[in-house]
>>> print(open('protein.txt').read())   # compact mmCIF, C-alpha atoms
# COMPACT_ATOMS: atom_id res chain seq x y z
CA MET A 1 -189.04 -41.81 129.99
CA PRO A 2 -190.69 -39.97 127.06
CA GLY A 3 -191.42 -36.90 129.16
CA ALA A 4 -187.81 -36.61 130.33
CA ARG A 5 -186.54 -37.10 126.78
CA GLU A 6 -188.83 -34.40 125.41
CA ALA A 7 -187.76 -32.01 128.19
CA HIS A 8 -184.12 -32.73 127.41
CA GLU A 9 -184.68 -32.08 123.69
CA ALA A 10 -186.52 -28.84 124.46
CA HIS A 11 -183.63 -27.74 126.70
CA GLU A 12 -181.14 -28.51 123.90
CA GLU A 13 -183.21 -26.54 121.42
CA ARG A 14 -183.28 -23.52 123.75
CA GLU A 15 -179.50 -23.72 124.23
CA GLU A 16 -178.95 -24.00 120.48
CA ALA A 17 -181.22 -21.01 119.88
CA ALA A 18 -179.37 -18.94 122.50
CA ALA A 19 -176.00 -19.92 121.01
CA ALA A 20 -177.22 -18.98 117.54
CA THR A 21 -178.39 -15.57 118.77
CA ARG A 22 -175.00 -14.94 120.37
CA TRP A 23 -173.29 -15.88 117.12
CA VAL A 24 -175.44 -13.46 115.14
CA TRP A 25 -174.01 -10.63 117.26
CA THR A 26 -170.47 -12.04 117.19
CA ALA A 27 -170.50 -12.62 113.42
CA ALA A 28 -171.29 -8.94 112.92
CA TRP A 29 -167.96 -7.95 114.50
CA PRO A 30 -165.77 -8.52 111.37
CA VAL A 31 -168.18 -6.26 109.46
CA THR A 32 -167.73 -3.53 112.07
CA ALA A 33 -163.94 -3.96 112.19
CA VAL A 34 -163.46 -3.59 108.43
CA PHE A 35 -165.84 -0.66 108.20
CA VAL A 36 -163.86 1.16 110.90
CA LEU A 37 -161.05 1.18 108.34
CA SER A 38 -163.33 2.24 105.49
CA ASN A 39 -163.67 5.81 106.77
CA ALA A 40 -160.83 6.10 109.29
CA ALA A 41 -158.85 8.28 106.88
CA THR A 42 -161.65 10.86 106.47
CA PRO A 43 -160.56 13.37 109.17
CA LEU A 44 -156.94 13.09 108.04
CA TYR A 45 -157.49 14.13 104.41
CA VAL A 46 -157.28 17.86 105.13
CA ARG A 47 -153.98 17.31 106.98
CA TRP A 48 -152.58 15.16 104.15
CA GLN A 49 -153.82 17.74 101.64
CA ARG A 50 -151.85 20.45 103.45
CA GLU A 51 -148.71 18.33 103.98
CA ILE A 52 -148.53 16.60 100.58
CA GLY A 53 -150.31 19.22 98.48
CA PHE A 54 -153.21 18.17 96.23
CA SER A 55 -156.49 19.63 94.98
CA LYS A 56 -160.10 18.89 95.99
CA GLY A 57 -160.47 16.94 92.75
CA THR A 58 -157.48 14.75 93.66
CA LEU A 59 -158.94 14.30 97.13
CA THR A 60 -162.18 12.91 95.70
CA VAL A 61 -160.18 10.67 93.33
CA ILE A 62 -158.34 9.22 96.36
CA PHE A 63 -161.70 8.66 97.97
CA ALA A 64 -163.10 7.10 94.77
CA CYS A 65 -160.23 4.58 94.55
CA TYR A 66 -161.89 2.96 97.52
CA ILE A 67 -165.07 2.66 95.43
CA VAL A 68 -163.09 1.19 92.52
CA GLY A 69 -161.56 -1.47 94.77
CA LEU A 70 -164.91 -2.18 96.36
CA LEU A 71 -166.73 -2.58 93.03
CA GLY A 72 -164.00 -4.81 91.65
CA SER A 73 -164.21 -6.94 94.77
CA LEU A 74 -167.98 -7.20 94.50
CA LEU A 75 -167.68 -8.65 90.98
CA VAL A 76 -165.86 -11.62 92.50
CA SER A 77 -166.48 -11.96 96.23
CA GLY A 78 -170.22 -12.65 96.20
CA VAL A 79 -169.99 -15.49 93.68
CA VAL A 80 -166.85 -16.97 95.28
CA SER A 81 -168.41 -16.81 98.75
CA ASP A 82 -171.58 -18.59 97.63
CA ARG A 83 -169.55 -21.32 95.91
CA LEU A 84 -166.55 -21.83 98.21
CA GLY A 85 -167.81 -20.49 101.54
CA ARG A 86 -167.58 -17.33 103.63
CA LYS A 87 -164.20 -17.96 105.29
CA PRO A 88 -162.12 -18.31 102.07
CA VAL A 89 -163.28 -14.80 101.16
CA LEU A 90 -163.24 -13.12 104.58
CA LEU A 91 -159.80 -14.21 105.82
CA PRO A 92 -157.82 -12.84 102.82
CA ALA A 93 -159.91 -9.66 102.97
CA LEU A 94 -158.94 -9.11 106.60
CA GLY A 95 -155.29 -9.61 105.68
CA LEU A 96 -155.59 -6.99 102.95
CA ALA A 97 -157.21 -4.60 105.42
CA MET A 98 -154.22 -5.01 107.75
CA ALA A 99 -151.89 -4.17 104.85
CA ALA A 100 -153.93 -1.02 104.20
CA CYS A 101 -153.45 0.00 107.84
CA ALA A 102 -149.68 -0.26 107.49
CA ILE A 103 -149.68 1.84 104.29
CA PHE A 104 -151.95 4.52 105.76
CA ALA A 105 -149.81 4.79 108.89
CA SER A 106 -146.67 5.56 106.84
CA ALA A 107 -148.22 7.42 103.88
CA SER A 108 -146.28 10.44 102.59
CA ALA A 109 -147.47 10.59 98.96
CA VAL A 110 -150.70 10.53 96.98
CA ALA A 111 -149.76 7.14 95.48
CA ALA A 112 -149.61 5.56 98.95
CA LEU A 113 -153.04 6.96 99.83
CA ILE A 114 -154.46 5.60 96.57
CA VAL A 115 -153.08 2.09 97.22
CA ALA A 116 -154.31 2.08 100.81
CA ARG A 117 -157.77 3.21 99.73
CA LEU A 118 -157.81 0.58 96.98
CA PHE A 119 -156.93 -2.18 99.45
CA SER A 120 -159.57 -0.89 101.86
CA GLY A 121 -162.20 -0.99 99.13
CA ILE A 122 -161.37 -4.57 98.18
CA ALA A 123 -161.65 -5.64 101.82
CA VAL A 124 -164.95 -3.83 102.28
CA GLY A 125 -166.36 -5.38 99.09
CA ALA A 126 -165.64 -8.85 100.47
CA VAL A 127 -167.23 -8.00 103.79
CA VAL A 128 -170.46 -6.49 102.47
CA SER A 129 -171.07 -9.63 100.41
CA ALA A 130 -169.55 -12.57 102.34
CA GLY A 131 -169.52 -10.99 105.80
CA MET A 132 -173.14 -9.91 105.80
CA ALA A 133 -174.18 -13.25 104.32
CA ALA A 134 -172.27 -15.01 107.13
CA VAL A 135 -174.34 -13.11 109.70
CA THR A 136 -177.49 -14.46 108.03
CA ASP A 137 -176.01 -17.97 107.83
CA VAL A 138 -175.37 -18.24 111.56
CA ALA A 139 -178.75 -16.68 112.31
CA GLY A 140 -180.68 -19.43 110.56
CA PRO A 141 -184.05 -19.12 108.81
CA GLY A 142 -185.90 -17.91 111.90
CA ARG A 143 -183.70 -14.88 112.56
CA ARG A 144 -183.26 -13.35 109.12
CA ARG A 145 -184.79 -10.02 110.11
CA LEU A 146 -182.43 -9.77 113.12
CA ALA A 147 -179.52 -10.71 110.85
CA ALA A 148 -180.38 -7.93 108.39
CA LEU A 149 -180.63 -5.40 111.22
CA LEU A 150 -177.34 -6.36 112.88
CA ALA A 151 -175.38 -6.67 109.63
CA SER A 152 -176.59 -3.27 108.48
CA CYS A 153 -175.97 -1.60 111.86
CA ALA A 154 -172.51 -3.20 112.12
CA MET A 155 -171.64 -1.61 108.79
CA VAL A 156 -172.79 1.93 109.57
CA PHE A 157 -171.56 1.89 113.18
CA GLY A 158 -168.07 0.87 112.07
CA ALA A 159 -168.17 3.46 109.30
CA GLY A 160 -168.88 6.15 111.89
CA LEU A 161 -166.52 4.90 114.58
CA GLY A 162 -163.48 5.05 112.28
CA PRO A 163 -163.58 8.84 111.70
CA LEU A 164 -164.18 9.53 115.39
CA LEU A 165 -161.17 7.45 116.45
CA ALA A 166 -159.02 9.03 113.73
CA GLY A 167 -160.03 12.52 114.85
CA VAL A 168 -158.81 11.73 118.36
CA LEU A 169 -155.82 9.48 117.64
CA GLY A 170 -154.58 10.79 114.29
CA LYS A 171 -152.51 8.19 112.44
CA GLY A 172 -152.47 6.12 115.62
CA VAL A 173 -155.95 4.95 114.64
CA PHE A 174 -154.37 2.55 112.16
CA VAL A 175 -152.46 0.77 114.92
CA LEU A 176 -155.67 0.32 116.90
CA GLU A 177 -157.49 -0.79 113.77
CA ALA A 178 -154.87 -3.50 113.13
CA VAL A 179 -155.66 -4.90 116.59
CA LEU A 180 -159.41 -4.82 115.87
CA LEU A 181 -158.83 -6.66 112.59
CA ALA A 182 -156.74 -9.31 114.34
CA ALA A 183 -159.67 -9.94 116.70
CA ALA A 184 -161.95 -10.21 113.64
CA VAL A 185 -159.67 -12.89 112.18
CA LEU A 186 -160.17 -14.97 115.33
CA VAL A 187 -163.95 -14.56 115.07
CA VAL A 188 -164.03 -15.63 111.42
CA ALA A 189 -161.78 -18.62 112.11
CA ARG A 190 -164.23 -19.90 114.77
CA MET A 191 -167.44 -18.91 112.99
CA PRO A 192 -169.84 -21.91 112.66
CA VAL A 193 -170.41 -21.68 108.93
CA ARG A 194 -169.86 -24.66 106.67
CA ARG A 195 -168.53 -24.90 103.16
CA PRO A 196 -171.56 -24.75 100.86
CA VAL A 197 -172.79 -27.86 99.12
CA ALA A 198 -174.61 -27.90 95.82
CA PRO A 199 -177.58 -30.29 96.16
CA ALA A 200 -179.91 -30.72 93.24
CA ARG A 201 -182.43 -27.95 92.81
CA GLY A 202 -185.52 -28.79 94.86
CA ALA A 203 -183.79 -31.23 97.22
CA TRP A 204 -184.69 -31.19 100.92
CA VAL A 205 -181.81 -30.68 103.37
CA ARG A 206 -181.50 -30.07 107.12
CA THR A 207 -180.65 -26.52 108.12
CA VAL A 208 -177.21 -25.93 109.63
CA ALA A 209 -178.32 -23.84 112.63
CA PRO A 210 -180.15 -22.99 114.74
CA ALA A 211 -183.46 -24.63 113.83
CA ARG A 212 -182.75 -28.17 115.01
CA GLY A 213 -184.64 -30.71 112.94
CA ALA A 214 -185.92 -28.18 110.40
CA TRP A 215 -185.81 -28.96 106.69
CA VAL A 216 -185.81 -26.54 103.75
CA ARG A 217 -186.04 -26.89 99.99
CA THR A 218 -182.79 -25.78 98.38
CA VAL A 219 -182.16 -23.67 95.32
CA ALA A 220 -178.99 -24.67 93.51
CA PRO A 221 -176.35 -21.94 93.20
CA ALA A 222 -176.20 -20.14 89.87
CA LYS A 223 -173.59 -21.50 87.49
CA GLY A 224 -171.42 -19.44 85.20
CA ALA A 225 -168.39 -17.18 85.34
CA TRP A 226 -166.60 -16.55 88.63
CA VAL A 227 -166.19 -12.87 87.74
CA ARG A 228 -169.45 -11.23 86.70
CA ILE A 229 -171.86 -8.48 87.53
CA PRO A 230 -173.69 -9.86 90.59
CA GLY A 231 -177.41 -10.45 90.40
CA VAL A 232 -180.34 -12.14 92.12
CA PRO A 233 -182.47 -15.19 91.29
CA ARG A 234 -185.47 -14.77 89.01
CA GLY A 235 -188.36 -13.26 90.92
CA SER A 236 -186.21 -11.13 93.23
CA GLY A 237 -185.32 -8.37 90.76
CA GLY A 238 -188.09 -6.07 91.98
CA GLN A 239 -186.86 -6.26 95.58
CA LEU A 240 -183.29 -5.53 94.45
CA LEU A 241 -184.41 -2.53 92.37
CA MET A 242 -186.37 -1.05 95.28
CA GLY A 243 -183.42 -1.44 97.63
CA ILE A 244 -180.98 0.20 95.20
CA ALA A 245 -183.42 3.03 94.42
CA VAL A 246 -183.23 4.26 98.03
CA PHE A 247 -179.87 2.92 99.22
CA ALA A 248 -177.92 4.48 96.30
CA PRO A 249 -178.91 8.13 96.93
CA GLY A 250 -178.44 7.62 100.69
CA ILE A 251 -174.93 6.23 100.50
CA THR A 252 -173.99 8.77 97.81
CA ALA A 253 -175.01 11.54 100.21
CA THR A 254 -172.88 10.14 103.03
CA SER A 255 -169.98 9.60 100.60
CA PHE A 256 -170.09 13.31 99.72
CA VAL A 257 -170.01 14.25 103.40
CA LEU A 258 -167.03 11.93 103.93
CA SER A 259 -165.05 13.15 100.93
CA LEU A 260 -165.77 16.91 100.90
CA GLY A 261 -167.28 17.40 104.36
CA PRO A 262 -163.88 18.16 105.95
CA SER A 263 -163.23 20.80 103.28
CA LEU A 264 -166.64 22.34 103.89
CA LEU A 265 -166.02 22.41 107.63
CA SER A 266 -162.56 23.93 107.22
CA GLY A 267 -164.07 26.69 105.08
CA LEU A 268 -166.98 27.38 107.43
CA LEU A 269 -165.06 27.09 110.70
CA ASP A 270 -161.61 28.13 109.42
CA THR A 271 -160.08 25.06 111.05
CA THR A 272 -158.38 21.88 109.84
CA SER A 273 -158.96 20.02 113.11
CA PRO A 274 -159.55 16.33 112.38
CA VAL A 275 -161.68 16.10 115.53
CA ALA A 276 -164.43 18.28 114.02
CA ALA A 277 -164.55 16.29 110.78
CA GLY A 278 -164.40 12.99 112.64
CA ALA A 279 -167.17 14.01 115.02
CA MET A 280 -169.47 15.02 112.16
CA ALA A 281 -168.91 11.70 110.37
CA PHE A 282 -169.47 9.80 113.62
CA VAL A 283 -172.78 11.46 114.44
CA MET A 284 -173.88 10.92 110.83
CA PHE A 285 -173.37 7.17 111.07
CA LEU A 286 -174.54 7.01 114.67
CA THR A 287 -177.80 8.47 113.38
CA ALA A 288 -177.85 5.80 110.68
CA THR A 289 -177.44 3.10 113.35
CA GLY A 290 -180.02 4.50 115.75
CA THR A 291 -182.54 5.07 112.97
CA GLN A 292 -182.40 1.43 111.94
CA PHE A 293 -183.17 0.23 115.46
CA ALA A 294 -185.99 2.79 115.67
CA VAL A 295 -187.72 1.68 112.44
CA GLN A 296 -186.99 -2.06 112.52
CA ARG A 297 -190.63 -3.00 113.33
CA LEU A 298 -192.07 -1.03 110.40
CA ASP A 299 -192.87 -2.75 107.11
CA ARG A 300 -190.13 -2.65 104.51
CA ARG A 301 -191.87 -0.26 102.12
CA THR A 302 -192.42 2.31 104.87
CA ILE A 303 -188.74 2.07 105.85
CA LEU A 304 -187.62 2.64 102.26
CA ILE A 305 -189.96 5.56 101.65
CA ALA A 306 -188.81 7.19 104.90
CA GLY A 307 -185.21 6.73 103.74
CA ALA A 308 -185.92 8.45 100.42
CA VAL A 309 -187.64 11.36 102.19
CA SER A 310 -184.75 11.74 104.64
CA THR A 311 -182.15 11.89 101.85
CA THR A 312 -184.25 14.42 99.91
CA ILE A 313 -184.59 16.76 102.88
CA GLY A 314 -180.91 16.26 103.74
CA MET A 315 -179.79 17.44 100.31
CA GLY A 316 -182.02 20.47 100.66
CA ALA A 317 -180.27 21.21 103.95
CA LEU A 318 -176.87 20.77 102.26
CA ILE A 319 -177.72 23.35 99.59
CA ALA A 320 -178.97 25.76 102.26
CA ALA A 321 -175.84 25.15 104.38
CA VAL A 322 -173.34 26.08 101.66
CA ARG A 323 -175.45 29.02 100.52
CA ALA A 324 -175.82 30.43 104.03
CA SER A 325 -172.38 29.26 105.30
CA SER A 326 -174.19 27.54 108.17
CA VAL A 327 -172.49 24.84 110.24
CA PRO A 328 -175.77 23.78 111.96
CA LEU A 329 -177.40 23.23 108.57
CA LEU A 330 -174.37 21.25 107.38
CA VAL A 331 -174.59 19.01 110.45
CA ALA A 332 -178.35 18.60 109.88
CA ALA A 333 -177.64 17.58 106.27
CA ALA A 334 -175.14 14.98 107.50
CA LEU A 335 -177.61 13.56 110.04
CA LEU A 336 -180.40 13.31 107.47
CA ALA A 337 -178.02 11.71 104.97
CA GLY A 338 -177.03 9.14 107.60
CA ALA A 339 -180.68 8.34 108.34
CA GLY A 340 -181.40 8.03 104.62
CA GLN A 341 -178.53 5.60 104.07
CA GLY A 342 -179.41 3.59 107.17
CA MET A 343 -183.05 3.10 106.21
CA GLY A 344 -182.25 2.42 102.56
CA GLN A 345 -179.66 -0.14 103.57
CA LEU A 346 -181.88 -1.86 106.15
CA GLY A 347 -184.86 -1.95 103.81
CA GLY A 348 -182.78 -3.32 100.93
CA LEU A 349 -181.09 -6.01 103.02
CA SER A 350 -184.40 -7.05 104.59
CA LEU A 351 -186.02 -7.45 101.17
CA LEU A 352 -183.13 -9.60 99.94
CA ASN A 353 -182.99 -11.69 103.12
CA SER A 354 -186.70 -12.44 102.76
CA SER A 355 -186.61 -13.44 99.09
CA VAL A 356 -183.15 -14.79 98.22
CA PRO A 357 -181.96 -18.31 99.26
CA ALA A 358 -178.73 -18.70 101.20
CA SER A 359 -177.00 -20.18 98.15
CA ARG A 360 -177.27 -16.81 96.36
CA LEU A 361 -177.35 -14.38 99.30
CA ALA A 362 -173.75 -13.14 99.17
CA GLU A 363 -174.12 -12.41 95.46
CA ALA A 364 -177.42 -10.60 96.12
CA ASN A 365 -175.75 -8.47 98.81
CA ALA A 366 -173.00 -7.68 96.31
CA ALA A 367 -175.59 -6.64 93.72
CA LEU A 368 -177.24 -4.25 96.18
CA ASN A 369 -173.90 -2.64 97.00
CA VAL A 370 -172.81 -2.36 93.36
CA GLY A 371 -176.01 -0.46 92.66
CA GLY A 372 -175.33 1.81 95.62
CA TYR A 373 -171.61 2.42 95.29
CA VAL A 374 -171.46 3.25 91.57
CA PRO A 375 -173.18 6.64 92.03
CA ALA A 376 -171.43 7.00 95.41
CA GLY A 377 -168.12 6.94 93.53
CA VAL A 378 -169.04 8.95 90.44
CA LEU A 379 -171.10 11.85 91.81
CA PRO A 380 -168.77 13.01 94.65
CA VAL A 381 -165.78 12.96 92.26
CA THR A 382 -167.75 15.04 89.76
CA ALA A 383 -168.70 17.43 92.55
CA GLY A 384 -165.05 17.65 93.64
CA TYR A 385 -163.77 18.69 90.21
CA LEU A 386 -166.71 21.04 89.73
CA SER A 387 -165.78 22.61 93.07
CA ASP A 388 -162.21 23.15 91.85
CA ALA A 389 -163.50 24.84 88.69
CA ALA A 390 -166.49 26.83 89.95
CA GLY A 391 -166.13 26.89 93.73
CA LEU A 392 -167.22 24.62 96.55
CA THR A 393 -170.59 26.35 96.89
CA THR A 394 -171.51 25.68 93.25
CA GLY A 395 -170.21 22.11 93.35
CA ALA A 396 -172.17 21.27 96.50
CA THR A 397 -175.32 22.95 95.18
CA VAL A 398 -175.33 21.03 91.90
CA PHE A 399 -174.57 17.78 93.72
CA GLY A 400 -177.40 18.35 96.21
CA ALA A 401 -179.92 19.14 93.45
CA VAL A 402 -179.03 16.02 91.44
CA LEU A 403 -179.24 13.79 94.48
CA MET A 404 -182.56 15.29 95.56
CA ALA A 405 -183.97 14.28 92.18
CA LEU A 406 -182.55 10.76 92.46
CA ALA A 407 -183.98 10.33 95.97
CA LEU A 408 -187.42 11.45 94.79
CA VAL A 409 -187.28 8.94 91.93
CA GLY A 410 -186.24 6.26 94.42
CA GLY A 411 -189.29 6.99 96.56
CA LEU A 412 -191.54 6.67 93.50
CA VAL A 413 -189.95 3.33 92.59
CA VAL A 414 -190.81 2.02 96.06
CA LEU A 415 -194.38 3.32 95.86
CA VAL A 416 -195.05 1.35 92.66
CA GLY A 417 -192.99 -1.68 93.76
CA PRO A 418 -194.30 -5.24 94.30
CA PRO A 419 -196.83 -5.79 97.14
CA SER A 420 -194.49 -8.26 98.86
CA SER A 421 -192.42 -5.31 100.06
CA ARG A 422 -195.20 -4.36 102.46
CA ARG A 423 -194.53 -7.35 104.70
CA LYS A 424 -192.38 -6.94 107.81
>>> encode(input="protein.txt", output="C-alpha cells")
Amino acid sequence: MPGAREAHEAHEEREEAAAATRWVWTAAWPVTAVFVLSNAATPLYVRWQREIGFSKGTLTVIFACYIVGLLGSLLVSGVVSDRLGRKPVLLPALGLAMAACAIFASASAVAALIVARLFSGIAVGAVVSAGMAAVTDVAGPGRRRLAALLASCAMVFGAGLGPLLAGVLGKGVFVLEAVLLAAAVLVVARMPVRRPVAPARGAWVRTVAPARGAWVRTVAPAKGAWVRIPGVPRGSGGQLLMGIAVFAPGITATSFVLSLGPSLLSGLLDTTSPVAAGAMAFVMFLTATGTQFAVQRLDRRTILIAGAVSTTIGMGALIAAVRASSVPLLVAAALLAGAGQGMGQLGGLSLLNSSVPASRLAEANAALNVGGYVPAGVLPVTAGYLSDAAGLTTGATVFGAVLMALALVGGLVVLVGPPSSRRK
C-alpha cells in the first residue's frame, strides 16, 4: 500500500537522521583524544625545567616545536585527506600520537621533549584538517552548523582536559592518553566516511549521509602539488581572512598561557605544583567550550567580533596581572583568552563550513589553522626570549600589547567583511 510504503520510508529517514547525529558526536572523539595530548605536557614543563635544566627561551622553543610539526602537517594533510580520504590521514596520525606518549613518559632530555612535541604537532595538524572535516562529512549537508560546533568544542575541550589530567596524574597521563588514542583508532576504523571520488565539476551526485535521496552539485577537488600552502576555493577568501583575523590572536593568547603560564604562576605563587598550572589551563579551555555553546545561535559576524573583544580585554588583564603580581587577574586573562579563541575558532569554522564544498573542506580547515598557528608559534617564543633578557614582566607586557593591537585589527577586518558573514 502506498501509505504504508511512505510511512516505512519516513521511518527509515528518521532512523538515518538519528544515526547521523550520533555519528557527528562520535566522530568528534578522535579530535578530543589527540588534543588531550596537545597540551598534556603543559603542567610538567616547570618540573622538567627544574630536573633537566633549561631556560624560559628553551621552554618556549620546546613548545614551538609542536607548532612546527603542526604547520608542516597542515601543508600535506588537508590536500591528502581531500584526495585520498579521511582515514588514510587519521590512522597514521593516531599512531604517531601514541609514539609521542611513549617518548613523553620516558623523557629525560630536552631532545626527547622536542621530538615528542614535534610528533604531537604532526598528529594535531592531521586532526584539525582531516578530523574536523570527517565530523562535517558524517553530519551531512543539513547539520553543518552542528558539525562546526562539535568539532570546535572537541578541540578546545581536549586541549583543556590534557593539562588537568597531567596536573593530577603527572607522567601517568601519557599512559591514560595512549588508551584514549586506542579508542579513537577504533572510532576512525568504523567511521562511515567513503574514499572521495572526483566527478566532473558541476556533476550531480547523491549525498553519502544522512540526507537520503538528496542530490548536490559537486565542485571538483583542486589539482596541483600534494605539498602546498593550503587555501580555499575562489570566492571563499574573505571568509577565511575573517576567521584568521580573530582566531589567530585568540589561539596565540592561549598558547602564551600554555607555554609561560606555569612560569608566571610559579613566580606569583612561589610553587611549581603542576596541579595549579593544569587547573588554569583547564578552566581556560573549559571557558572556550562553554562560550561556544552559549553563542552558537548568534550570527557569525557577532561571534567573531565578540571573540576579538574578548582577546583584547584578556591581554589588558594579562598586562595588569604581571604588573600588579595578581593571580586573579592572571586567571581572568586566561579565561578571556579561552573565550576569544573559542569564538574565533567557531566563527571561522562556521564560515568555512557554509561556503566551502566537502571536496576542499579539509584543506580549508588546514588554511584556517596555518593562519592561526603561525603567530601562535612565533610570538610566545619571542616573548620567552625577551623574558630571559629583560624579565618576565617586560616580556609579558610587550606580548600583551602586540596581541591587543592584532585583536583590534581582527575586529576591524570582521566589521568590513563580506555581508554573507552575517548569516547564522
>>> atom_distance(input="protein.txt", atom1="atom CA of A:Phe285", atom2="atom CA of A:Val156")
5.5 Å
>>> residues_around(input="protein.txt", residues="A:Leu59", least_positions_apart="3", cutoff="8 Å", atoms="all atoms listed in the file", output="mmCIF file with C-alpha atoms, in the frame of the given file")
data_model
loop_
_atom_site.group_PDB
_atom_site.id
_atom_site.type_symbol
_atom_site.label_atom_id
_atom_site.label_comp_id
_atom_site.auth_asym_id
_atom_site.auth_seq_id
_atom_site.Cartn_x
_atom_site.Cartn_y
_atom_site.Cartn_z
ATOM 1 C CA TYR A 45 -157.490 14.130 104.410
ATOM 2 C CA GLN A 49 -153.820 17.740 101.640
ATOM 3 C CA PHE A 54 -153.210 18.170 96.230
ATOM 4 C CA SER A 55 -156.490 19.630 94.980
ATOM 5 C CA LYS A 56 -160.100 18.890 95.990
ATOM 6 C CA ILE A 62 -158.340 9.220 96.360
ATOM 7 C CA PHE A 63 -161.700 8.660 97.970
ATOM 8 C CA SER A 259 -165.050 13.150 100.930
ATOM 9 C CA GLY A 384 -165.050 17.650 93.640
#
>>> atom_distance(input="protein.txt", atom1="atom CA of A:Val138", atom2="atom CA of A:Leu90")
14.9 Å
>>> closest_residue(input="protein.txt", among="A:Ala64, A:Ala126, A:Val374, A:Val356", to="A:Pro92", atoms="all atoms listed in the file")
A:Ala126
>>> closest_residue(input="protein.txt", among="A:Ala308, A:Leu240, A:Leu286, A:Met132", to="A:Leu412", atoms="all atoms listed in the file")
A:Ala308
>>> closest_residue(input="protein.txt", among="A:Val309, A:Ala102, A:Val31, A:Ala134", to="A:Gly410", atoms="all atoms listed in the file")
A:Val309
>>> closest_residue(input="protein.txt", among="A:Gly314, A:Gly243, A:Gly342, A:Gly372", to="A:Ala154", atoms="all atoms listed in the file")
A:Gly342
>>> closest_residue(input="protein.txt", among="A:Val331, A:Thr289, A:Gly57, A:Val246", to="A:Gly395", atoms="all atoms listed in the file")
A:Gly57
>>> residues_near_point(input="protein.txt", point="(-175.5, -1.7, 96.3)", cutoff="10 Å", atoms="all atoms listed in the file", output="ChimeraX atom specification")
/A:71,74,128-129,240-241,243-248,251,345,348-349,364-376
>>> closest_residue(input="protein.txt", among="A:Ala277, A:Phe399, A:Ala159, A:Val24", to="A:Gly140", atoms="only C-alpha atoms")
A:Val24
>>> decode(input="protein.txt", residues="stretch 286-320 of chain A", atoms="C-alpha atoms", output="mmCIF file, in the first residue's frame")
data_model
loop_
_atom_site.group_PDB
_atom_site.id
_atom_site.type_symbol
_atom_site.label_atom_id
_atom_site.label_comp_id
_atom_site.auth_asym_id
_atom_site.auth_seq_id
_atom_site.Cartn_x
_atom_site.Cartn_y
_atom_site.Cartn_z
ATOM 1 C CA LEU A 286 36.514 24.931 29.555
ATOM 2 C CA THR A 287 35.574 28.584 29.115
ATOM 3 C CA ALA A 288 36.338 28.263 25.407
ATOM 4 C CA THR A 289 33.997 25.252 25.198
ATOM 5 C CA GLY A 290 31.169 26.777 27.207
ATOM 6 C CA THR A 291 31.378 30.065 25.320
ATOM 7 C CA GLN A 292 30.880 28.317 22.002
ATOM 8 C CA PHE A 293 27.706 26.605 23.185
ATOM 9 C CA ALA A 294 26.493 29.928 24.605
ATOM 10 C CA VAL A 295 26.961 31.899 21.360
ATOM 11 C CA GLN A 296 26.130 29.209 18.800
ATOM 12 C CA ARG A 297 22.775 30.815 17.838
ATOM 13 C CA LEU A 298 24.303 34.228 17.132
ATOM 14 C CA ASP A 299 25.244 35.238 13.592
ATOM 15 C CA ARG A 300 28.827 34.561 12.597
ATOM 16 C CA ARG A 301 29.950 38.185 12.477
ATOM 17 C CA THR A 302 28.709 38.843 16.011
ATOM 18 C CA ILE A 303 30.560 35.734 17.244
ATOM 19 C CA LEU A 304 33.806 36.874 15.627
ATOM 20 C CA ILE A 305 33.566 40.441 16.903
ATOM 21 C CA ALA A 306 32.868 39.159 20.419
ATOM 22 C CA GLY A 307 35.943 36.923 20.107
ATOM 23 C CA ALA A 308 38.140 39.870 19.122
ATOM 24 C CA VAL A 309 36.827 41.950 22.037
ATOM 25 C CA SER A 310 37.414 39.103 24.498
ATOM 26 C CA THR A 311 41.031 38.631 23.389
ATOM 27 C CA THR A 312 41.674 42.385 23.579
ATOM 28 C CA ILE A 313 40.358 42.658 27.137
ATOM 29 C CA GLY A 314 42.195 39.465 28.096
ATOM 30 C CA MET A 315 45.550 40.878 27.031
ATOM 31 C CA GLY A 316 44.824 44.014 29.024
ATOM 32 C CA ALA A 317 44.201 41.782 32.039
ATOM 33 C CA LEU A 318 47.481 39.929 31.366
ATOM 34 C CA ILE A 319 49.471 43.180 31.401
ATOM 35 C CA ALA A 320 47.744 44.253 34.614
#
